[in-house]
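Source file: work_27.txt; contents: compact mmCIF, C-alpha atoms and all ligand atoms.
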# COMPACT_ATOMS: atom_id res chain seq x y z
CA MET H 1 -79.56 -148.38 -26.50
CA ASP H 2 -81.72 -148.82 -29.60
CA LYS H 3 -80.06 -149.76 -32.83
CA LYS H 4 -79.53 -146.75 -35.12
CA LYS H 5 -81.95 -146.24 -37.99
CA ILE H 6 -81.21 -144.66 -41.36
CA LEU H 7 -83.97 -143.11 -43.46
CA THR H 8 -83.29 -142.72 -47.16
CA MET H 9 -85.59 -140.41 -49.09
CA GLN H 10 -85.40 -140.63 -52.87
CA ASP H 11 -87.28 -142.04 -55.84
CA LEU H 12 -87.90 -145.69 -56.54
CA SER H 13 -86.82 -146.35 -60.12
CA CYS H 14 -88.05 -149.87 -60.87
CA VAL H 15 -85.26 -150.49 -63.37
CA GLY H 16 -81.92 -148.72 -63.49
CA GLN H 17 -79.78 -149.47 -60.41
CA CYS H 18 -80.02 -146.04 -58.83
CA SER H 19 -81.51 -144.20 -55.85
CA ILE H 20 -83.44 -146.51 -53.47
CA THR H 21 -82.55 -149.69 -55.36
CA VAL H 22 -78.89 -149.12 -54.57
CA ALA H 23 -79.09 -147.31 -51.20
CA LEU H 24 -81.24 -149.99 -49.57
CA PRO H 25 -79.14 -153.05 -50.48
CA ILE H 26 -75.84 -151.30 -49.80
CA LEU H 27 -76.79 -149.88 -46.39
CA SER H 28 -78.44 -153.18 -45.43
CA ALA H 29 -75.34 -155.14 -46.45
CA TYR H 30 -73.33 -152.96 -44.09
CA GLY H 31 -75.74 -154.00 -41.35
CA TYR H 32 -77.78 -150.81 -40.92
CA GLU H 33 -81.52 -150.84 -40.44
CA THR H 34 -82.56 -148.82 -43.47
CA CYS H 35 -86.01 -147.31 -43.81
CA VAL H 36 -87.22 -145.76 -47.05
CA LEU H 37 -89.35 -142.82 -48.04
CA PRO H 38 -90.01 -143.30 -51.77
CA THR H 39 -90.92 -139.96 -53.32
CA ALA H 40 -92.09 -141.31 -56.68
CA ILE H 41 -92.22 -144.57 -58.60
CA LEU H 42 -90.61 -144.46 -62.04
CA SER H 43 -90.63 -147.29 -64.53
CA ASN H 44 -86.87 -146.66 -64.89
CA HIS H 45 -84.47 -143.74 -64.43
CA THR H 46 -84.60 -140.74 -66.71
CA MET H 47 -81.47 -141.54 -68.68
CA PHE H 48 -83.52 -144.01 -70.72
CA ASP H 49 -85.49 -142.54 -73.66
CA THR H 50 -88.88 -142.87 -71.93
CA TRP H 51 -90.18 -143.37 -68.41
CA SER H 52 -93.39 -143.33 -66.40
CA TYR H 53 -93.70 -141.32 -63.18
CA LEU H 54 -96.09 -141.79 -60.27
CA ASP H 55 -95.71 -138.88 -57.89
CA LEU H 56 -96.05 -139.93 -54.23
CA THR H 57 -95.95 -136.43 -52.70
CA ASN H 58 -99.60 -136.70 -51.66
CA GLU H 59 -98.96 -139.94 -49.79
CA ILE H 60 -96.28 -138.40 -47.62
CA ASP H 61 -98.63 -136.65 -45.15
CA ASP H 62 -100.26 -139.98 -44.35
CA ILE H 63 -96.89 -141.67 -43.97
CA PHE H 64 -95.74 -138.89 -41.62
CA ALA H 65 -98.95 -139.10 -39.57
CA ASN H 66 -98.40 -142.81 -39.01
CA TRP H 67 -94.70 -142.41 -38.25
CA HIS H 68 -95.69 -139.79 -35.71
CA ASP H 69 -98.30 -142.11 -34.12
CA ASN H 70 -95.76 -144.91 -34.00
CA LYS H 71 -93.16 -142.53 -32.48
CA PHE H 72 -90.48 -143.26 -35.08
CA LYS H 73 -87.28 -141.21 -35.08
CA PHE H 74 -84.32 -141.61 -37.43
CA ASP H 75 -80.65 -141.23 -36.57
CA TYR H 76 -79.40 -140.56 -40.09
CA PHE H 77 -81.08 -139.19 -43.20
CA LEU H 78 -79.74 -139.87 -46.69
CA LEU H 79 -81.28 -137.86 -49.51
CA GLY H 80 -80.73 -138.22 -53.22
CA TYR H 81 -82.90 -137.50 -56.26
CA LEU H 82 -86.10 -135.70 -55.22
CA GLY H 83 -87.15 -134.17 -58.54
CA LYS H 84 -89.76 -131.64 -57.37
CA LYS H 85 -89.50 -128.59 -55.16
CA GLU H 86 -92.55 -129.61 -53.11
CA LEU H 87 -90.55 -132.68 -52.08
CA ILE H 88 -87.81 -130.45 -50.72
CA ASP H 89 -90.42 -128.93 -48.38
CA LYS H 90 -91.43 -132.46 -47.37
CA ALA H 91 -87.79 -133.34 -46.71
CA ILE H 92 -87.39 -130.35 -44.41
CA GLU H 93 -90.64 -131.28 -42.64
CA CYS H 94 -89.31 -134.82 -42.29
CA PHE H 95 -86.12 -133.61 -40.56
CA ASP H 96 -88.19 -131.42 -38.23
CA LYS H 97 -90.58 -134.19 -37.27
CA PHE H 98 -88.41 -137.30 -37.19
CA SER H 99 -84.93 -136.28 -36.03
CA ASN H 100 -83.65 -136.93 -32.58
CA LYS H 101 -81.17 -134.54 -30.98
CA ASP H 102 -78.10 -136.23 -32.51
CA SER H 103 -79.47 -137.01 -35.98
CA LYS H 104 -77.23 -136.28 -38.94
CA ILE H 105 -78.33 -135.34 -42.45
CA PHE H 106 -76.46 -136.44 -45.59
CA ILE H 107 -77.63 -134.85 -48.85
CA ASP H 108 -76.63 -135.60 -52.41
CA PRO H 109 -78.46 -132.83 -54.31
CA VAL H 110 -78.98 -134.87 -57.46
CA PHE H 111 -80.06 -132.81 -60.48
CA ALA H 112 -77.22 -132.56 -63.01
CA ASP H 113 -74.02 -134.11 -64.36
CA ASP H 114 -71.41 -133.56 -67.08
CA GLY H 115 -72.23 -129.86 -67.36
CA LYS H 116 -75.92 -130.53 -67.99
CA ILE H 117 -79.09 -130.43 -65.94
CA TYR H 118 -81.25 -133.61 -65.84
CA PRO H 119 -84.70 -133.64 -67.50
CA GLY H 120 -87.45 -132.00 -65.44
CA PHE H 121 -85.26 -129.73 -63.29
CA ASN H 122 -85.21 -125.93 -63.44
CA LYS H 123 -83.94 -122.76 -61.76
CA GLU H 124 -86.59 -122.80 -59.04
CA TYR H 125 -85.60 -126.32 -58.06
CA ILE H 126 -81.98 -125.21 -57.77
CA GLU H 127 -82.96 -122.23 -55.64
CA LYS H 128 -84.97 -124.49 -53.37
CA THR H 129 -82.02 -126.90 -53.16
CA ARG H 130 -79.92 -124.10 -51.66
CA GLU H 131 -82.52 -123.91 -48.89
CA LEU H 132 -82.33 -127.68 -48.36
CA LEU H 133 -78.54 -127.59 -48.03
CA LYS H 134 -78.82 -125.37 -44.94
CA HIS H 135 -80.19 -128.38 -43.07
CA ALA H 136 -77.37 -130.76 -43.99
CA ASN H 137 -74.40 -132.01 -42.01
CA PHE H 138 -72.76 -133.50 -45.11
CA ILE H 139 -73.39 -132.69 -48.76
CA LEU H 140 -72.12 -134.66 -51.74
CA PRO H 141 -72.77 -132.70 -54.95
CA ASN H 142 -70.85 -133.37 -58.15
CA VAL H 143 -68.93 -130.57 -59.90
CA THR H 144 -71.82 -129.75 -62.27
CA GLU H 145 -74.32 -129.46 -59.42
CA VAL H 146 -72.02 -127.07 -57.56
CA CYS H 147 -71.68 -124.95 -60.72
CA TYR H 148 -75.47 -124.61 -60.96
CA LEU H 149 -75.82 -123.97 -57.23
CA THR H 150 -73.18 -121.23 -57.26
CA ASN H 151 -73.86 -119.79 -60.74
CA ILE H 152 -70.30 -120.50 -61.83
CA GLU H 153 -69.77 -121.61 -65.43
CA TYR H 154 -68.98 -125.33 -65.81
CA GLN H 155 -65.52 -126.36 -66.99
CA PRO H 156 -64.74 -129.92 -68.14
CA ILE H 157 -61.29 -129.89 -66.50
CA HIS H 158 -61.47 -129.19 -62.81
CA SER H 159 -58.32 -127.41 -61.69
CA GLN H 160 -57.64 -127.06 -57.99
CA GLU H 161 -58.32 -123.31 -58.12
CA PHE H 162 -61.63 -123.96 -59.88
CA VAL H 163 -62.93 -126.48 -57.32
CA ARG H 164 -61.59 -124.44 -54.44
CA LYS H 165 -63.62 -121.48 -55.72
CA LEU H 166 -66.69 -123.72 -56.16
CA ALA H 167 -66.45 -124.96 -52.58
CA SER H 168 -65.91 -121.50 -51.09
CA GLU H 169 -68.93 -120.15 -52.98
CA LEU H 170 -71.05 -123.12 -51.94
CA LYS H 171 -70.03 -122.59 -48.32
CA LYS H 172 -72.15 -119.42 -48.36
CA TYR H 173 -75.24 -121.65 -48.41
CA THR H 174 -74.36 -124.28 -45.84
CA ASP H 175 -72.33 -125.14 -42.75
CA ALA H 176 -72.19 -128.78 -43.84
CA THR H 177 -69.00 -130.64 -44.67
CA ILE H 178 -68.81 -130.24 -48.45
CA ILE H 179 -67.68 -133.21 -50.52
CA ILE H 180 -67.49 -132.32 -54.20
CA THR H 181 -67.43 -135.56 -56.16
CA GLY H 182 -66.27 -136.36 -59.69
CA VAL H 183 -63.37 -133.90 -59.71
CA ILE H 184 -61.46 -134.73 -62.87
CA ASN H 185 -57.88 -133.51 -63.23
CA ASP H 186 -54.47 -134.93 -64.26
CA ASN H 187 -56.01 -138.22 -65.41
CA SER H 188 -57.47 -138.76 -61.96
CA ILE H 189 -60.94 -138.59 -60.49
CA GLY H 190 -61.43 -137.55 -56.90
CA GLU H 191 -63.14 -135.51 -54.25
CA TYR H 192 -62.54 -132.01 -52.98
CA ILE H 193 -63.58 -131.84 -49.33
CA LEU H 194 -64.11 -128.72 -47.26
CA LYS H 195 -64.68 -129.53 -43.61
CA GLY H 196 -64.88 -126.26 -41.70
CA LYS H 197 -61.68 -124.57 -42.86
CA GLU H 198 -59.88 -127.84 -43.54
CA GLU H 199 -59.37 -128.77 -47.19
CA ILE H 200 -58.82 -132.40 -48.19
CA ILE H 201 -58.04 -133.40 -51.78
CA LEU H 202 -58.39 -137.04 -52.79
CA LYS H 203 -57.41 -138.52 -56.14
CA HIS H 204 -58.10 -141.98 -57.51
CA GLU H 205 -57.57 -143.92 -60.71
CA LEU H 206 -59.77 -142.51 -63.50
CA LEU H 207 -61.34 -145.28 -65.56
CA PRO H 208 -62.41 -144.67 -69.16
CA ILE H 209 -65.95 -145.83 -68.36
CA LYS H 210 -68.94 -143.83 -67.22
CA ARG H 211 -72.16 -145.29 -65.94
CA HIS H 212 -75.32 -144.07 -64.39
CA GLY H 213 -76.01 -144.46 -60.64
CA THR H 214 -72.43 -144.31 -59.45
CA GLY H 215 -73.10 -141.08 -57.51
CA ASP H 216 -75.90 -142.82 -55.60
CA ILE H 217 -73.61 -145.74 -54.84
CA PHE H 218 -70.87 -143.34 -53.70
CA SER H 219 -73.14 -141.58 -51.20
CA SER H 220 -74.48 -144.84 -49.74
CA VAL H 221 -71.02 -146.37 -49.30
CA PHE H 222 -69.74 -143.06 -47.94
CA LEU H 223 -72.49 -142.94 -45.32
CA ALA H 224 -71.99 -146.59 -44.33
CA ASN H 225 -68.26 -146.07 -43.85
CA TYR H 226 -68.58 -142.70 -42.18
CA LEU H 227 -70.76 -144.32 -39.54
CA LEU H 228 -68.11 -146.99 -39.05
CA THR H 229 -65.08 -144.71 -38.89
CA ASN H 230 -66.23 -141.13 -38.22
CA ASP H 231 -63.57 -140.20 -40.78
CA VAL H 232 -64.58 -138.34 -43.96
CA LYS H 233 -61.36 -139.12 -45.80
CA LYS H 234 -61.49 -142.86 -45.07
CA ALA H 235 -65.19 -142.99 -45.98
CA CYS H 236 -64.54 -141.21 -49.31
CA ASN H 237 -61.67 -143.53 -50.15
CA LYS H 238 -63.86 -146.57 -49.45
CA ALA H 239 -66.70 -145.15 -51.54
CA ALA H 240 -64.40 -144.35 -54.45
CA LEU H 241 -62.87 -147.82 -54.29
CA PHE H 242 -66.32 -149.44 -54.25
CA VAL H 243 -67.42 -147.44 -57.31
CA ARG H 244 -64.17 -148.28 -59.11
CA LYS H 245 -64.69 -152.00 -58.43
CA CYS H 246 -68.27 -151.72 -59.71
CA LEU H 247 -67.12 -150.05 -62.93
CA LYS H 248 -64.36 -152.61 -63.47
CA THR H 249 -66.63 -155.56 -62.93
CA THR H 250 -69.59 -154.33 -65.01
CA ASP H 251 -70.10 -156.01 -68.36
CA THR H 252 -69.52 -153.50 -71.17
CA LYS H 253 -72.92 -154.41 -72.62
CA HIS H 254 -74.63 -153.39 -69.38
CA PHE H 255 -75.15 -149.76 -70.38
CA TYR H 256 -77.60 -148.22 -67.88
CA GLY H 257 -75.93 -148.72 -64.50
CA VAL H 258 -73.26 -150.75 -62.73
CA GLU H 259 -73.42 -154.34 -61.54
CA PHE H 260 -72.83 -153.32 -57.92
CA GLU H 261 -74.35 -156.59 -56.72
CA LYS H 262 -71.08 -158.34 -57.57
CA VAL H 263 -69.16 -156.02 -55.23
CA LEU H 264 -71.67 -156.09 -52.35
CA THR H 265 -70.50 -159.45 -51.08
CA ASP H 266 -66.81 -158.45 -50.97
CA ASP H 267 -65.25 -157.82 -47.57
CA LYS H 268 -66.27 -154.47 -46.24
O1 LIG V 1 -78.87 -141.54 -60.24
C1 LIG V 1 -79.57 -140.38 -60.09
C2 LIG V 1 -81.01 -140.53 -60.51
C3 LIG V 1 -81.91 -141.04 -59.61
N1 LIG V 1 -83.20 -141.22 -59.93
C4 LIG V 1 -83.65 -140.92 -61.15
C5 LIG V 1 -82.79 -140.42 -62.12
C6 LIG V 1 -81.46 -140.19 -61.77
C7 LIG V 1 -80.56 -139.59 -62.75
O2 LIG V 1 -80.91 -139.34 -63.86
O3 LIG V 1 -83.27 -140.19 -63.34
C8 LIG V 1 -85.09 -141.12 -61.47

Take the structure in the file and write it out as structure tokens.
Amino acid sequence: MDKKKILTMQDLSCVGQCSITVALPILSAYGYETCVLPTAILSNHTMFDTWSYLDLTNEIDDIFANWHDNKFKFDYFLLGYLGKKELIDKAIECFDKFSNKDSKIFIDPVFADDGKIYPGFNKEYIEKTRELLKHANFILPNVTEVCYLTNIEYQPIHSQEFVRKLASELKKYTDATIIITGVINDNSIGEYILKGKEEIILKHELLPIKRHGTGDIFSSVFLANYLLTNDVKKACNKAALFVRKCLKTTDTKHFYGVEFEKVLTDDK
């Protein structure tokens, strides 16, 4: 049988340790053939004061035509930051054209954090994201993203009742396994997972450090470990541990991301 292929579709931020520049090295280090569909080239991620943006939406039809001619299919799709609703249509087209019958779709609907929406996103994008989530097998939104997706007001402390309500509202839009990340409660950070009717609550050590790109790292490590174990709980624990190691090892002066490269060579 052919080796499995992952396709990750997200932006290429030249500087910033996020999206493709973390997904590609992480998934490759785990031994997966990882293909990329860069949706835009940014000078750096949008948490810096300024950035440039080259939109690649118009290139995608050509890329798809050649993938079609070359008969490529992908076994797993990993989506992160897309940034434009037209790209959500392209993502759905990509699943239609390049899935095989067992392909699985993992989506981190990146557009907000800490109670706030990222620059450049709006209501229409959020509406369109709900459409995208219907196609997923696994979704990994953070608490803020779920609040926007479900129209529930954000709260900084995430009680069990609050996240349970978020997940049950979100379930109206998708049959995917829901993994709500960044659940902060009782001095812990964790995930609230809803897999069918099964609820799994994971808690880990909360560090007093916050850095950009950790959500993208989480979803890549989650995917890599899910493919190894077929176990959502184990994969989440591995992803959380990886992120924690990254945060602990990152120099305090390194403000815009985490030095995940130092953790990549550790035993998987
Ligand atoms: O880490 C998420 C992300 C990815 N890509 C770009 C971003 C962000 C978050 O702000 O700006 C371009």

If I put a ball of radius 10 Å at (-57.3, -145.0, -56.0) in the file's coordinates, which residues poke into it when counting all atoms listed in the file, written as a ChimeraX atom specification?
/H:188-190,202-206,237-238,240-241,244

List every residue of chain H that has an atom at most 9 Å from any atom of ligand LIG 1 (chain V), giving for each one its closest atom pair and the distance in Å to one decimal, counting only C-alpha atoms and all ligand atoms, sorted by chain and then by ascending residue number, as JSON lines.
{"residue": "H:Gln10", "atom": "CA", "partner": "V:LIG1", "partner_atom": "N1", "distance": 7.4}
{"residue": "H:Asp11", "atom": "CA", "partner": "V:LIG1", "partner_atom": "N1", "distance": 5.8}
{"residue": "H:Leu12", "atom": "CA", "partner": "V:LIG1", "partner_atom": "C8", "distance": 7.3}
{"residue": "H:Ser13", "atom": "CA", "partner": "V:LIG1", "partner_atom": "C8", "distance": 5.7}
{"residue": "H:Gly16", "atom": "CA", "partner": "V:LIG1", "partner_atom": "C4", "distance": 8.3}
{"residue": "H:Gln17", "atom": "CA", "partner": "V:LIG1", "partner_atom": "O1", "distance": 8.0}
{"residue": "H:Cys18", "atom": "CA", "partner": "V:LIG1", "partner_atom": "O1", "distance": 4.9}
{"residue": "H:Ser19", "atom": "CA", "partner": "V:LIG1", "partner_atom": "C3", "distance": 4.9}
{"residue": "H:Ile20", "atom": "CA", "partner": "V:LIG1", "partner_atom": "N1", "distance": 8.4}
{"residue": "H:Ala40", "atom": "CA", "partner": "V:LIG1", "partner_atom": "C8", "distance": 8.5}
{"residue": "H:Ile41", "atom": "CA", "partner": "V:LIG1", "partner_atom": "C8", "distance": 8.4}
{"residue": "H:Leu42", "atom": "CA", "partner": "V:LIG1", "partner_atom": "C8", "distance": 6.5}
{"residue": "H:Ser43", "atom": "CA", "partner": "V:LIG1", "partner_atom": "C8", "distance": 8.8}
{"residue": "H:Asn44", "atom": "CA", "partner": "V:LIG1", "partner_atom": "C8", "distance": 6.7}
{"residue": "H:His45", "atom": "CA", "partner": "V:LIG1", "partner_atom": "O3", "distance": 3.9}
{"residue": "H:Thr46", "atom": "CA", "partner": "V:LIG1", "partner_atom": "O3", "distance": 3.7}
{"residue": "H:Met47", "atom": "CA", "partner": "V:LIG1", "partner_atom": "O2", "distance": 5.3}
{"residue": "H:Phe48", "atom": "CA", "partner": "V:LIG1", "partner_atom": "O3", "distance": 8.3}
{"residue": "H:Trp51", "atom": "CA", "partner": "V:LIG1", "partner_atom": "C8", "distance": 8.9}
{"residue": "H:Tyr53", "atom": "CA", "partner": "V:LIG1", "partner_atom": "C8", "distance": 8.8}
{"residue": "H:Gly80", "atom": "CA", "partner": "V:LIG1", "partner_atom": "C3", "distance": 7.1}
{"residue": "H:Tyr81", "atom": "CA", "partner": "V:LIG1", "partner_atom": "C3", "distance": 5.0}
{"residue": "H:Leu82", "atom": "CA", "partner": "V:LIG1", "partner_atom": "N1", "distance": 7.8}
{"residue": "H:Gly83", "atom": "CA", "partner": "V:LIG1", "partner_atom": "C8", "distance": 7.8}
{"residue": "H:Val110", "atom": "CA", "partner": "V:LIG1", "partner_atom": "C1", "distance": 6.1}
{"residue": "H:Phe111", "atom": "CA", "partner": "V:LIG1", "partner_atom": "C7", "distance": 7.2}
{"residue": "H:Ala112", "atom": "CA", "partner": "V:LIG1", "partner_atom": "O2", "distance": 7.8}
{"residue": "H:Asp113", "atom": "CA", "partner": "V:LIG1", "partner_atom": "O2", "distance": 8.7}
{"residue": "H:Tyr118", "atom": "CA", "partner": "V:LIG1", "partner_atom": "O2", "distance": 6.1}
{"residue": "H:Pro119", "atom": "CA", "partner": "V:LIG1", "partner_atom": "O2", "distance": 7.8}
{"residue": "H:His212", "atom": "CA", "partner": "V:LIG1", "partner_atom": "O1", "distance": 6.0}
{"residue": "H:Gly213", "atom": "CA", "partner": "V:LIG1", "partner_atom": "O1", "distance": 4.1}
{"residue": "H:Thr214", "atom": "CA", "partner": "V:LIG1", "partner_atom": "O1", "distance": 7.1}
{"residue": "H:Gly215", "atom": "CA", "partner": "V:LIG1", "partner_atom": "O1", "distance": 6.4}
{"residue": "H:Asp216", "atom": "CA", "partner": "V:LIG1", "partner_atom": "O1", "distance": 5.7}
{"residue": "H:Ile217", "atom": "CA", "partner": "V:LIG1", "partner_atom": "O1", "distance": 8.6}
{"residue": "H:Gly257", "atom": "CA", "partner": "V:LIG1", "partner_atom": "O1", "distance": 8.9}

Would you put the residues from that selection into a file with C-alpha atoms, as a JSON list (two decimals), in the coordinates of the input?
[["chain", "number", "residue", "atom", "x", "y", "z"],
["H", 10, "GLN", "CA", -85.40, -140.63, -52.87],
["H", 11, "ASP", "CA", -87.28, -142.04, -55.84],
["H", 12, "LEU", "CA", -87.90, -145.69, -56.54],
["H", 13, "SER", "CA", -86.82, -146.35, -60.12],
["H", 16, "GLY", "CA", -81.92, -148.72, -63.49],
["H", 17, "GLN", "CA", -79.78, -149.47, -60.41],
["H", 18, "CYS", "CA", -80.02, -146.04, -58.83],
["H", 19, "SER", "CA", -81.51, -144.20, -55.85],
["H", 20, "ILE", "CA", -83.44, -146.51, -53.47],
["H", 40, "ALA", "CA", -92.09, -141.31, -56.68],
["H", 41, "ILE", "CA", -92.22, -144.57, -58.60],
["H", 42, "LEU", "CA", -90.61, -144.46, -62.04],
["H", 43, "SER", "CA", -90.63, -147.29, -64.53],
["H", 44, "ASN", "CA", -86.87, -146.66, -64.89],
["H", 45, "HIS", "CA", -84.47, -143.74, -64.43],
["H", 46, "THR", "CA", -84.60, -140.74, -66.71],
["H", 47, "MET", "CA", -81.47, -141.54, -68.68],
["H", 48, "PHE", "CA", -83.52, -144.01, -70.72],
["H", 51, "TRP", "CA", -90.18, -143.37, -68.41],
["H", 53, "TYR", "CA", -93.70, -141.32, -63.18],
["H", 80, "GLY", "CA", -80.73, -138.22, -53.22],
["H", 81, "TYR", "CA", -82.90, -137.50, -56.26],
["H", 82, "LEU", "CA", -86.10, -135.70, -55.22],
["H", 83, "GLY", "CA", -87.15, -134.17, -58.54],
["H", 110, "VAL", "CA", -78.98, -134.87, -57.46],
["H", 111, "PHE", "CA", -80.06, -132.81, -60.48],
["H", 112, "ALA", "CA", -77.22, -132.56, -63.01],
["H", 113, "ASP", "CA", -74.02, -134.11, -64.36],
["H", 118, "TYR", "CA", -81.25, -133.61, -65.84],
["H", 119, "PRO", "CA", -84.70, -133.64, -67.50],
["H", 212, "HIS", "CA", -75.32, -144.07, -64.39],
["H", 213, "GLY", "CA", -76.01, -144.46, -60.64],
["H", 214, "THR", "CA", -72.43, -144.31, -59.45],
["H", 215, "GLY", "CA", -73.10, -141.08, -57.51],
["H", 216, "ASP", "CA", -75.90, -142.82, -55.60],
["H", 217, "ILE", "CA", -73.61, -145.74, -54.84],
["H", 257, "GLY", "CA", -75.93, -148.72, -64.50]]

Nearest residue to Ile184 in chain H out of H:Asp96, H:Asp251, H:Glu198, H:Asp114, using only C-alpha atoms?
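When distances to Ile184 in chain H are compared using only C-alpha atoms, the smallest one comes from H:Asp114.
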
Top pick for closest residue to Tyr148 in chain H, considering H:Lys197, H:Lys123, H:Lys3, H:Lys104 and counting only C-alpha atoms
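Result for the nearest residue to Tyr148 in chain H: H:Lys123.
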
Could you check how far CA of Tyr32 in chain H sits from CA of Ile6 in chain H, in Å to one decimal?
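Those two atoms sit 7.1 Å apart.
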
Determine the nearest neighbour of Phe162 in chain H from the options H:Leu207, H:Ile180, H:Ile105, H:Lys116, counting all atoms listed in the file.
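Closest candidate: H:Ile180.
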
Skipping near chain neighbours, those fewer than 2 positions away, what residues fall within 8 Å of Ile157 in chain H using all atoms listed in the file, listed as a ChimeraX atom specification?
/H:155,159,184-185

Same residues, C-alpha atoms, output as a PDB file, in the coordinates of the input:
ATOM      1  CA  GLN H 155     -65.520-126.360 -66.990  1.00  0.00           C
ATOM      2  CA  SER H 159     -58.320-127.410 -61.690  1.00  0.00           C
ATOM      3  CA  ILE H 184     -61.460-134.730 -62.870  1.00  0.00           C
ATOM      4  CA  ASN H 185     -57.880-133.510 -63.230  1.00  0.00           C
TER       5      ASN H 185
END

Figure out the distance between CA of Asn151 in chain H and CA of Val232 in chain H, please, to one decimal in Å.
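Going from CA of Val232 in chain H over to CA of Asn151 in chain H covers 26.7 Å.
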
To one decimal place, how far is CA of Ser168 in chain H from CA of Ile139 in chain H in Å?
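Spanning CA of Ser168 in chain H to CA of Ile139 in chain H is a straight-line distance of 13.7 Å.
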
Neighbours of Leu247 in chain H within 8 Å (all atoms listed in the file; same-chain residues fewer than 5 positions away dropped), as a list in words?
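Skipping anything fewer than 5 positions along the chain leaves Leu207, Ile209, Lys210, Arg211, Val258 and Glu259 of chain H.
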
Which residue gives the smallest distance to Leu132 in chain H among H:Lys233, H:Lys165, H:Lys85, H:Lys248, with all atoms listed in the file counted?
H:Lys85

Closest of H:Thr150, H:Thr144, H:Ser99, H:Thr50 to Lys172 in chain H, counting only C-alpha atoms, is H:Thr150

Find the spatial neighbours of Ala91 in chain H, counting only C-alpha atoms, within a cut-off of 12 Å - ignore same-chain residues fewer than 6 positions away - and output them as a PyMOL selection string.
chain H and resi 7-10+37-39+57+60-61+64+77-85+97-99+105-107+128-129+131-133+135-136

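Among the candidate residues H:Val36, H:Cys246, H:Ile178, H:Ile200, the one lying nearest to Tyr76 in chain H is H:Val36, with distances computed using all atoms listed in the file.
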
Gly115 in chain H surroundings by all atoms listed in the file, 10 Å radius, close-in-sequence under 6 positions cut, as a list in words
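Near Gly115 in chain H, the qualifying residues are Asn142, Val143, Thr144, Glu145, Cys147, Tyr148, Glu153, Tyr154, Gln155 and Pro156 of chain H.
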
For range 219-229 of chain H, supply N, CA, C and O atoms and report the output as an mmCIF file, in the frame of the given file.
data_model
loop_
_atom_site.group_PDB
_atom_site.id
_atom_site.type_symbol
_atom_site.label_atom_id
_atom_site.label_comp_id
_atom_site.auth_asym_id
_atom_site.auth_seq_id
_atom_site.Cartn_x
_atom_site.Cartn_y
_atom_site.Cartn_z
ATOM 1 N N SER H 219 -72.629 -142.174 -52.452
ATOM 2 C CA SER H 219 -73.140 -141.580 -51.200
ATOM 3 C C SER H 219 -73.561 -142.647 -50.198
ATOM 4 O O SER H 219 -73.377 -142.477 -48.993
ATOM 5 N N SER H 220 -74.096 -143.769 -50.676
ATOM 6 C CA SER H 220 -74.480 -144.840 -49.740
ATOM 7 C C SER H 220 -73.243 -145.461 -49.073
ATOM 8 O O SER H 220 -73.238 -145.680 -47.851
ATOM 9 N N VAL H 221 -72.228 -145.743 -49.872
ATOM 10 C CA VAL H 221 -71.020 -146.370 -49.300
ATOM 11 C C VAL H 221 -70.305 -145.360 -48.394
ATOM 12 O O VAL H 221 -69.764 -145.720 -47.345
ATOM 13 N N PHE H 222 -70.332 -144.104 -48.799
ATOM 14 C CA PHE H 222 -69.740 -143.060 -47.940
ATOM 15 C C PHE H 222 -70.419 -143.056 -46.580
ATOM 16 O O PHE H 222 -69.769 -143.105 -45.543
ATOM 17 N N LEU H 223 -71.755 -142.996 -46.592
ATOM 18 C CA LEU H 223 -72.490 -142.940 -45.320
ATOM 19 C C LEU H 223 -72.174 -144.174 -44.467
ATOM 20 O O LEU H 223 -71.850 -144.057 -43.278
ATOM 21 N N ALA H 224 -72.249 -145.353 -45.085
ATOM 22 C CA ALA H 224 -71.990 -146.590 -44.330
ATOM 23 C C ALA H 224 -70.618 -146.543 -43.663
ATOM 24 O O ALA H 224 -70.461 -146.892 -42.490
ATOM 25 N N ASN H 225 -69.626 -146.081 -44.400
ATOM 26 C CA ASN H 225 -68.260 -146.070 -43.850
ATOM 27 C C ASN H 225 -68.020 -144.905 -42.910
ATOM 28 O O ASN H 225 -67.215 -145.018 -41.985
ATOM 29 N N TYR H 226 -68.720 -143.810 -43.128
ATOM 30 C CA TYR H 226 -68.580 -142.700 -42.180
ATOM 31 C C TYR H 226 -69.112 -143.131 -40.812
ATOM 32 O O TYR H 226 -68.521 -142.838 -39.782
ATOM 33 N N LEU H 227 -70.196 -143.867 -40.817
ATOM 34 C CA LEU H 227 -70.760 -144.320 -39.540
ATOM 35 C C LEU H 227 -69.829 -145.317 -38.849
ATOM 36 O O LEU H 227 -69.793 -145.402 -37.631
ATOM 37 N N LEU H 228 -69.059 -146.039 -39.648
ATOM 38 C CA LEU H 228 -68.110 -146.990 -39.050
ATOM 39 C C LEU H 228 -66.866 -146.317 -38.507
ATOM 40 O O LEU H 228 -66.304 -146.749 -37.502
ATOM 41 N N THR H 229 -66.415 -145.259 -39.196
ATOM 42 C CA THR H 229 -65.080 -144.710 -38.890
ATOM 43 C C THR H 229 -65.088 -143.290 -38.343
ATOM 44 O O THR H 229 -64.076 -142.850 -37.790
#
